Amino acid sequence: MSLCAAAALALSGCGTGNAGTGNTLVIAIESEADVLDPQVAGGWVTWRINQQIFEPLVTEDLRTPSRQAPVPALQPALAESWEISPDGRSYTFHIRRGVTFHDGTPLDAAAVEYNFRRMWDKAAPQYSAKAAGQTNFIWQYTSSIQTVDQYTLVVNLTQPFSPFLRMLAQGGNGSTAIISPTALRKYGEDIADHPVGTGPFVFEQRIRGERISLVRNEKYWGTVPSVRGVVFRPMPDASARVAALRSGDVDIIAVPSPDSIDNLVEEGYQLSEGRPPHVWYLSFNMKDPYTSRKEVRQAINLALNREGMAKDLLRGTANPAYGVQAPANDAYVERTDAYARDVAEAKRLLTSVGLQNGFDTTLITSVDGSGQIIPTQMAEYIQQNLAEIGVRVHIETQEWISYLGTWAQGMQPGVGMAQMSWGMTTPYWLYIVTSSTLQAPEGSNVGYYSNPQLDAVMAEAIRATDEDEANAYWRQANDIVTEDAALAPVVNDKAPYVLAPYVAGFVSASEEWYDLKEVKLER
């Protein structure tokens, strides 16, 4: 197949040449991965690996390009089908028959229940506080879980929870992917060193800082992958990833440096990008004497040059973010009035609260990581923007996995802003990062934001069983967060990947991860 003719793959550029990687796909990733325990791991960079090994009950269509499906459709995975009760409080899942885990354990409803109780049931012997901490926003309305027969599982809720199915398909801050119960009983909390799922690829080896190797699952229940295996190679330095692609050591690179892309395409490499549910954003510390003030948060938002960052620094690999949620979301609201640059108004707001001489604050971020793009340079760009209004920003950085741990603990005294890249195809993401019930370290509201009006509106959105009604509430919630300047959205990443000319079948869907089953190396 000629890639130049394969418009459906959303790829641009063609050329010749090939790497010496045989029929094993080698992907250079932007940072070291977290643990290979899908229910515990944080970050998209890790979920992109874990979801090749493990599968949830419900997944998303990752074979349709972003331009054709702004929000990917839900699809059956380990559940062949499901029913929702009329009151929205009971979900009946019919588990796929004939599926086995990589260790030969058969998949059935009891195996799924065993996994769910690991994340939800404190009385269960397999309960993991780490897994529960990463997934508590999925299970908080669960009242009971019951295996009805060998292939039927029922999850009962205390109230309707409209995002439930979409949340089962999510990954990146924990996931509901199913692990072999046999392996869990054998290895317990050490399961990450012995990952066993039902996915299209089987774990082979991990050498930290060097590679994670997977091999094709020849007994996979669905489409058996075309490639023999996949190797994920962590390369935090973008120039090293580009060099590895050019030398033929890797077949695909994530997060190419923005200034390298045009040259790579001219050389015959392929560019694949989409519009995933990504927001590169700042949370504000509501306990800080400066950023706890609405006028200060509004001034910071108005001082940010989102368009300049997207165009000049990131060379068009991202779009300016004009909403607190990403566009890959049915409840997206664009608010250029709040997020377009206005330095004069930003200065006026600071003067109105007696801060005409500005103030000092600290911004924390990582040096690499999934969805982080080029975080240090972006933080420095923000530093320059805010200097124009007298806000003197000190930047503190950490390696990605270390930063995730620091971020999850919540902002410490003296830290005014914390940066993160996140977002989901469900607007429920806004609840996860702003709900007063999920303040750090018990949740991902790392700035300790609390707004009773917002909580009430989001509660209505969660309970709504009609999707249009739910989205109307979520849009109202977006506006409340915007008016309160609770967050500072900065850019929406296009998630660019650069592929060798012979790589076929890679699709950039409206999600932060990808399906590798149909990727081919056409020699």
# chains A, B, ... in the order shown; residues from 1 in each chain; ligands from 1
$ closest_atom_pairs --of "segment 394-487 of chain A" --to "segment 503-510 of chain A" --cutoff "12 Å" --atoms "only C-alpha atoms" --output "JSON lines"
{"residue": "A:Gly423", "atom": "CA", "partner": "A:Ser510", "partner_atom": "CA", "distance": 11.4}
{"residue": "A:Met424", "atom": "CA", "partner": "A:Ser510", "partner_atom": "CA", "distance": 9.8}
{"residue": "A:Thr425", "atom": "CA", "partner": "A:Ser510", "partner_atom": "CA", "distance": 8.1}
{"residue": "A:Thr426", "atom": "CA", "partner": "A:Ser510", "partner_atom": "CA", "distance": 11.9}
$ select_by_dssp --residues "segment 395-448 of chain A" --states "alpha helix (DSSP H)" --output "ChimeraX atom specification"
/A:400-408,429-434
$ residues_around --residues "segment 132-134 of chain A" --least-positions-apart "6" --cutoff "8 Å" --atoms "only C-alpha atoms" --output "list in words"
Gln39, Val40, Ala41, Gly42, Arg118, Met119, Trp120, Asn173, Gly174, Ser175, Glu442 and Gly443 of chain A
$ atom_distance --atom1 "atom CA of Thr376 of chain A" --atom2 "atom CA of Thr397 of chain A"
7.5 Å
$ closest_residue --among "A:Val215, A:Thr158, A:Ala33, A:Ala318" --to "Val279 of chain A" --atoms "only C-alpha atoms"
A:Ala318
$ closest_atom_pairs --of "segment 1-107 of chain A" --to "segment 222-239 of chain A" --cutoff "7 Å" --atoms "only C-alpha atoms" --output "tab-separated table"
residue	atom	partner	partner_atom	distance
A:Asn23	CA	A:Val227	CA	5.4
A:Thr24	CA	A:Gly229	CA	4.7
A:Leu25	CA	A:Val230	CA	4.7
A:Val26	CA	A:Val231	CA	4.7
A:Ile27	CA	A:Phe232	CA	5.0
A:Ala28	CA	A:Arg233	CA	4.7
A:Ile29	CA	A:Pro234	CA	4.9
A:Glu30	CA	A:Pro236	CA	4.8
A:Ser31	CA	A:Pro236	CA	4.7
A:Glu32	CA	A:Pro234	CA	5.1
$ write_last_selection --atoms "all heavy atoms" --output "mmCIF file, in the first residue's frame"
data_model
loop_
_atom_site.group_PDB
_atom_site.id
_atom_site.type_symbol
_atom_site.label_atom_id
_atom_site.label_comp_id
_atom_site.auth_asym_id
_atom_site.auth_seq_id
_atom_site.Cartn_x
_atom_site.Cartn_y
_atom_site.Cartn_z
ATOM 1 N N ASN A 23 10.752 -6.876 12.041
ATOM 2 C CA ASN A 23 9.305 -6.704 12.121
ATOM 3 C C ASN A 23 8.880 -6.314 13.539
ATOM 4 O O ASN A 23 7.765 -6.574 13.954
ATOM 5 C CB ASN A 23 8.577 -7.978 11.675
ATOM 6 C CG ASN A 23 7.094 -7.705 11.402
ATOM 7 O OD1 ASN A 23 6.737 -6.621 10.939
ATOM 8 N ND2 ASN A 23 6.254 -8.673 11.700
ATOM 9 N N THR A 24 9.797 -5.713 14.273
ATOM 10 C CA THR A 24 9.490 -5.186 15.598
ATOM 11 C C THR A 24 9.414 -3.668 15.502
ATOM 12 O O THR A 24 10.349 -3.017 15.036
ATOM 13 C CB THR A 24 10.564 -5.597 16.619
ATOM 14 O OG1 THR A 24 10.554 -7.022 16.765
ATOM 15 C CG2 THR A 24 10.302 -4.957 17.974
ATOM 16 N N LEU A 25 8.291 -3.115 15.922
ATOM 17 C CA LEU A 25 8.076 -1.681 15.891
ATOM 18 C C LEU A 25 8.791 -1.033 17.075
ATOM 19 O O LEU A 25 8.570 -1.432 18.231
ATOM 20 C CB LEU A 25 6.570 -1.385 15.952
ATOM 21 C CG LEU A 25 6.133 0.076 15.985
ATOM 22 C CD1 LEU A 25 6.446 0.750 14.657
ATOM 23 C CD2 LEU A 25 4.640 0.173 16.295
ATOM 24 N N VAL A 26 9.645 -0.054 16.811
ATOM 25 C CA VAL A 26 10.385 0.627 17.870
ATOM 26 C C VAL A 26 9.918 2.076 17.947
ATOM 27 O O VAL A 26 9.967 2.806 16.954
ATOM 28 C CB VAL A 26 11.905 0.567 17.626
ATOM 29 C CG1 VAL A 26 12.647 1.231 18.789
ATOM 30 C CG2 VAL A 26 12.366 -0.875 17.464
ATOM 31 N N ILE A 27 9.439 2.473 19.125
ATOM 32 C CA ILE A 27 8.895 3.812 19.334
ATOM 33 C C ILE A 27 9.740 4.526 20.380
ATOM 34 O O ILE A 27 9.936 4.021 21.497
ATOM 35 C CB ILE A 27 7.430 3.760 19.799
ATOM 36 C CG1 ILE A 27 6.573 2.963 18.805
ATOM 37 C CG2 ILE A 27 6.870 5.159 20.002
ATOM 38 C CD1 ILE A 27 5.124 2.774 19.256
ATOM 39 N N ALA A 28 10.253 5.692 20.036
ATOM 40 C CA ALA A 28 10.974 6.526 21.001
ATOM 41 C C ALA A 28 9.965 7.401 21.731
ATOM 42 O O ALA A 28 9.248 8.190 21.104
ATOM 43 C CB ALA A 28 12.018 7.387 20.297
ATOM 44 N N ILE A 29 9.872 7.244 23.051
ATOM 45 C CA ILE A 29 8.900 7.979 23.855
ATOM 46 C C ILE A 29 9.605 9.080 24.642
ATOM 47 O O ILE A 29 10.823 9.070 24.812
ATOM 48 C CB ILE A 29 8.104 7.044 24.775
ATOM 49 C CG1 ILE A 29 9.044 6.262 25.714
ATOM 50 C CG2 ILE A 29 7.285 6.068 23.933
ATOM 51 C CD1 ILE A 29 8.327 5.342 26.690
ATOM 52 N N GLU A 30 8.817 10.027 25.138
ATOM 53 C CA GLU A 30 9.368 11.274 25.636
ATOM 54 C C GLU A 30 9.872 11.236 27.063
ATOM 55 O O GLU A 30 10.484 12.211 27.536
ATOM 56 C CB GLU A 30 8.328 12.388 25.486
ATOM 57 C CG GLU A 30 7.029 12.164 26.239
ATOM 58 C CD GLU A 30 5.943 11.478 25.423
ATOM 59 O OE1 GLU A 30 6.254 10.481 24.736
ATOM 60 O OE2 GLU A 30 4.789 11.934 25.489
ATOM 61 N N SER A 31 9.641 10.147 27.789
ATOM 62 C CA SER A 31 10.138 10.060 29.164
ATOM 63 C C SER A 31 10.125 8.607 29.612
ATOM 64 O O SER A 31 9.555 7.734 28.940
ATOM 65 C CB SER A 31 9.270 10.891 30.118
ATOM 66 O OG SER A 31 8.015 10.274 30.340
ATOM 67 N N GLU A 32 10.723 8.362 30.744
ATOM 68 C CA GLU A 32 10.609 7.058 31.372
ATOM 69 C C GLU A 32 9.145 6.812 31.736
ATOM 70 O O GLU A 32 8.405 7.745 32.049
ATOM 71 C CB GLU A 32 11.490 6.996 32.623
ATOM 72 C CG GLU A 32 11.435 5.686 33.390
ATOM 73 C CD GLU A 32 11.911 4.491 32.582
ATOM 74 O OE1 GLU A 32 11.075 3.930 31.832
ATOM 75 O OE2 GLU A 32 13.087 4.131 32.685
#
$ select_by_dssp --residues "segment 356-500 of chain A" --states "strand (DSSP E or B)" --output "ChimeraX atom specification"
/A:359-366,391-398,415-422,439,445,487-493,497-499
$ write_last_selection --atoms "N, CA, C and O atoms" --output "short mmCIF file (atom, residue, chain, number, x, y, z; two decimals), in the first residue's frame"
data_model
loop_
_atom_site.label_atom_id
_atom_site.label_comp_id
_atom_site.auth_asym_id
_atom_site.auth_seq_id
_atom_site.Cartn_x
_atom_site.Cartn_y
_atom_site.Cartn_z
N PHE A 359 4.57 40.95 42.29
CA PHE A 359 4.91 40.06 43.42
C PHE A 359 5.76 38.91 42.89
O PHE A 359 5.88 38.71 41.68
N ASP A 360 6.34 38.15 43.81
CA ASP A 360 7.13 36.97 43.47
C ASP A 360 6.32 35.72 43.72
O ASP A 360 5.57 35.64 44.71
N THR A 361 6.48 34.73 42.87
CA THR A 361 5.80 33.46 43.05
C THR A 361 6.60 32.36 42.37
O THR A 361 7.55 32.64 41.62
N THR A 362 6.22 31.12 42.64
CA THR A 362 6.92 29.96 42.07
C THR A 362 5.96 29.15 41.21
O THR A 362 4.81 28.91 41.60
N LEU A 363 6.45 28.73 40.05
CA LEU A 363 5.73 27.83 39.16
C LEU A 363 6.48 26.51 39.13
O LEU A 363 7.69 26.47 38.89
N ILE A 364 5.77 25.41 39.38
CA ILE A 364 6.41 24.09 39.31
C ILE A 364 5.95 23.37 38.05
O ILE A 364 4.80 23.49 37.62
N THR A 365 6.88 22.63 37.45
CA THR A 365 6.59 21.88 36.23
C THR A 365 7.62 20.75 36.11
O THR A 365 8.50 20.59 36.96
N SER A 366 7.49 19.96 35.06
CA SER A 366 8.44 18.88 34.81
C SER A 366 9.41 19.30 33.72
O SER A 366 9.26 20.36 33.11
N VAL A 391 4.82 40.35 37.60
CA VAL A 391 4.80 39.09 38.34
C VAL A 391 6.12 38.37 38.07
O VAL A 391 6.41 37.98 36.94
N ARG A 392 6.91 38.20 39.12
CA ARG A 392 8.24 37.62 39.00
C ARG A 392 8.16 36.12 39.33
O ARG A 392 7.97 35.74 40.49
N VAL A 393 8.29 35.31 38.30
CA VAL A 393 8.07 33.87 38.42
C VAL A 393 9.40 33.13 38.56
O VAL A 393 10.31 33.30 37.75
N HIS A 394 9.48 32.31 39.58
CA HIS A 394 10.62 31.41 39.77
C HIS A 394 10.16 30.01 39.36
O HIS A 394 9.09 29.56 39.76
N ILE A 395 10.95 29.34 38.57
CA ILE A 395 10.57 28.05 38.01
C ILE A 395 11.32 26.92 38.71
O ILE A 395 12.54 26.98 38.85
N GLU A 396 10.57 25.92 39.16
CA GLU A 396 11.17 24.72 39.74
C GLU A 396 10.75 23.52 38.90
O GLU A 396 9.56 23.37 38.58
N THR A 397 11.71 22.68 38.51
CA THR A 397 11.44 21.55 37.63
C THR A 397 11.87 20.23 38.25
O THR A 397 12.76 20.20 39.11
N GLN A 398 11.23 19.16 37.78
CA GLN A 398 11.60 17.80 38.17
C GLN A 398 11.42 16.87 36.97
O GLN A 398 10.67 17.19 36.04
N VAL A 415 4.42 28.16 46.54
CA VAL A 415 4.14 27.77 45.16
C VAL A 415 2.79 28.36 44.77
O VAL A 415 1.76 28.05 45.38
N GLY A 416 2.79 29.21 43.75
CA GLY A 416 1.54 29.85 43.33
C GLY A 416 0.84 29.13 42.21
O GLY A 416 -0.39 29.20 42.08
N MET A 417 1.63 28.41 41.38
CA MET A 417 1.06 27.75 40.20
C MET A 417 1.74 26.41 39.97
O MET A 417 2.95 26.27 40.15
N ALA A 418 0.94 25.43 39.56
CA ALA A 418 1.45 24.11 39.21
C ALA A 418 0.94 23.77 37.82
O ALA A 418 -0.24 23.92 37.52
N GLN A 419 1.83 23.31 36.96
CA GLN A 419 1.48 23.00 35.58
C GLN A 419 1.18 21.52 35.41
O GLN A 419 1.77 20.67 36.06
N MET A 420 0.23 21.22 34.52
CA MET A 420 -0.08 19.83 34.18
C MET A 420 -0.65 19.77 32.78
O MET A 420 -1.17 20.76 32.26
N SER A 421 -0.53 18.62 32.15
CA SER A 421 -1.17 18.33 30.86
C SER A 421 -2.17 17.22 31.09
O SER A 421 -1.79 16.14 31.56
N TRP A 422 -3.42 17.48 30.76
CA TRP A 422 -4.44 16.46 31.01
C TRP A 422 -5.64 16.78 30.14
O TRP A 422 -5.55 17.53 29.17
N GLN A 439 -9.84 17.44 46.66
CA GLN A 439 -8.65 18.26 46.90
C GLN A 439 -7.47 17.37 47.27
O GLN A 439 -7.61 16.36 47.96
N ASN A 445 -7.36 17.83 42.56
CA ASN A 445 -7.56 19.27 42.72
C ASN A 445 -6.37 19.80 43.52
O ASN A 445 -6.45 20.02 44.73
N LEU A 487 -8.50 28.08 36.75
CA LEU A 487 -7.42 27.45 36.01
C LEU A 487 -6.93 28.43 34.95
O LEU A 487 -7.62 29.39 34.62
N ALA A 488 -5.77 28.13 34.39
CA ALA A 488 -5.26 28.91 33.26
C ALA A 488 -4.92 27.94 32.14
O ALA A 488 -3.81 27.40 32.09
N PRO A 489 -5.87 27.65 31.23
CA PRO A 489 -5.54 26.83 30.07
C PRO A 489 -4.56 27.59 29.18
O PRO A 489 -4.69 28.80 29.00
N VAL A 490 -3.59 26.89 28.62
CA VAL A 490 -2.55 27.57 27.85
C VAL A 490 -2.57 27.12 26.39
O VAL A 490 -2.79 27.94 25.50
N VAL A 491 -2.36 25.84 26.11
CA VAL A 491 -2.42 25.35 24.74
C VAL A 491 -3.08 23.97 24.70
O VAL A 491 -3.13 23.26 25.70
N ASN A 492 -3.58 23.64 23.52
CA ASN A 492 -4.08 22.29 23.23
C ASN A 492 -3.13 21.64 22.25
O ASN A 492 -2.97 22.10 21.12
N ASP A 493 -2.49 20.57 22.67
CA ASP A 493 -1.49 19.90 21.84
C ASP A 493 -2.15 19.17 20.68
O ASP A 493 -3.26 18.64 20.80
N TYR A 497 3.36 12.97 15.96
CA TYR A 497 4.29 11.85 15.87
C TYR A 497 4.95 11.92 14.50
O TYR A 497 4.31 12.31 13.52
N VAL A 498 6.21 11.55 14.43
CA VAL A 498 6.87 11.45 13.14
C VAL A 498 7.25 9.99 12.92
O VAL A 498 7.82 9.34 13.80
N LEU A 499 6.89 9.49 11.72
CA LEU A 499 7.02 8.08 11.38
C LEU A 499 7.99 7.90 10.22
O LEU A 499 8.04 8.73 9.31
#
$ atom_distance --atom1 "atom CA of Tyr91 of chain A" --atom2 "atom CA of Trp429 of chain A"
21.1 Å
$ residues_around --residues "Tyr332 of chain A" --least-positions-apart "2" --cutoff "9 Å" --atoms "only C-alpha atoms" --output "list of chain:residue names"
A:Gly323, A:Val324, A:Gln325, A:Ala326, A:Pro327, A:Ala328, A:Asn329, A:Asp330, A:Glu334, A:Pro427, A:Asn471, A:Trp474, A:Arg475, A:Asn478
$ closest_residue --among "A:Asp121, A:Glu345, A:Asp259, A:Glu399" --to "Asp34 of chain A" --atoms "only C-alpha atoms"
A:Glu399
$ closest_residue --among "A:Ile178, A:Ala321, A:Ala73, A:Ala303" --to "Asn115 of chain A" --atoms "only C-alpha atoms"
A:Ile178
$ residues_around --residues "segment 103-108 of chain A" --least-positions-apart "4" --cutoff "9 Å" --atoms "only C-alpha atoms" --output "JSON, numbers by chain"
{"A": [78, 95, 96, 97, 98, 99, 112, 113, 150, 151, 152, 180, 181, 182, 183, 196, 197, 198]}
$ residues_around --residues "Asp337 of chain A" --least-positions-apart "2" --cutoff "12 Å" --atoms "only C-alpha atoms" --output "PyMOL selection string"
chain A and resi 298+301-302+322-323+333-335+339-342+345+479+482-483
$ residues_around --residues "Ile49 of chain A" --least-positions-apart "4" --cutoff "10 Å" --atoms "only C-alpha atoms" --output "list in words"
Ala33, Asp34, Leu36, Pro38, Trp44, Val45, Ile53, Phe54, Phe201, Phe203, Ile212, Ser213, Leu214, Val230, Val231, Phe232, Trp513 and Tyr514 of chain A
$ closest_residue --among "A:Ile84, A:Ile191, A:Ile374, A:Leu404" --to "Gly172 of chain A" --atoms "only C-alpha atoms"
A:Leu404
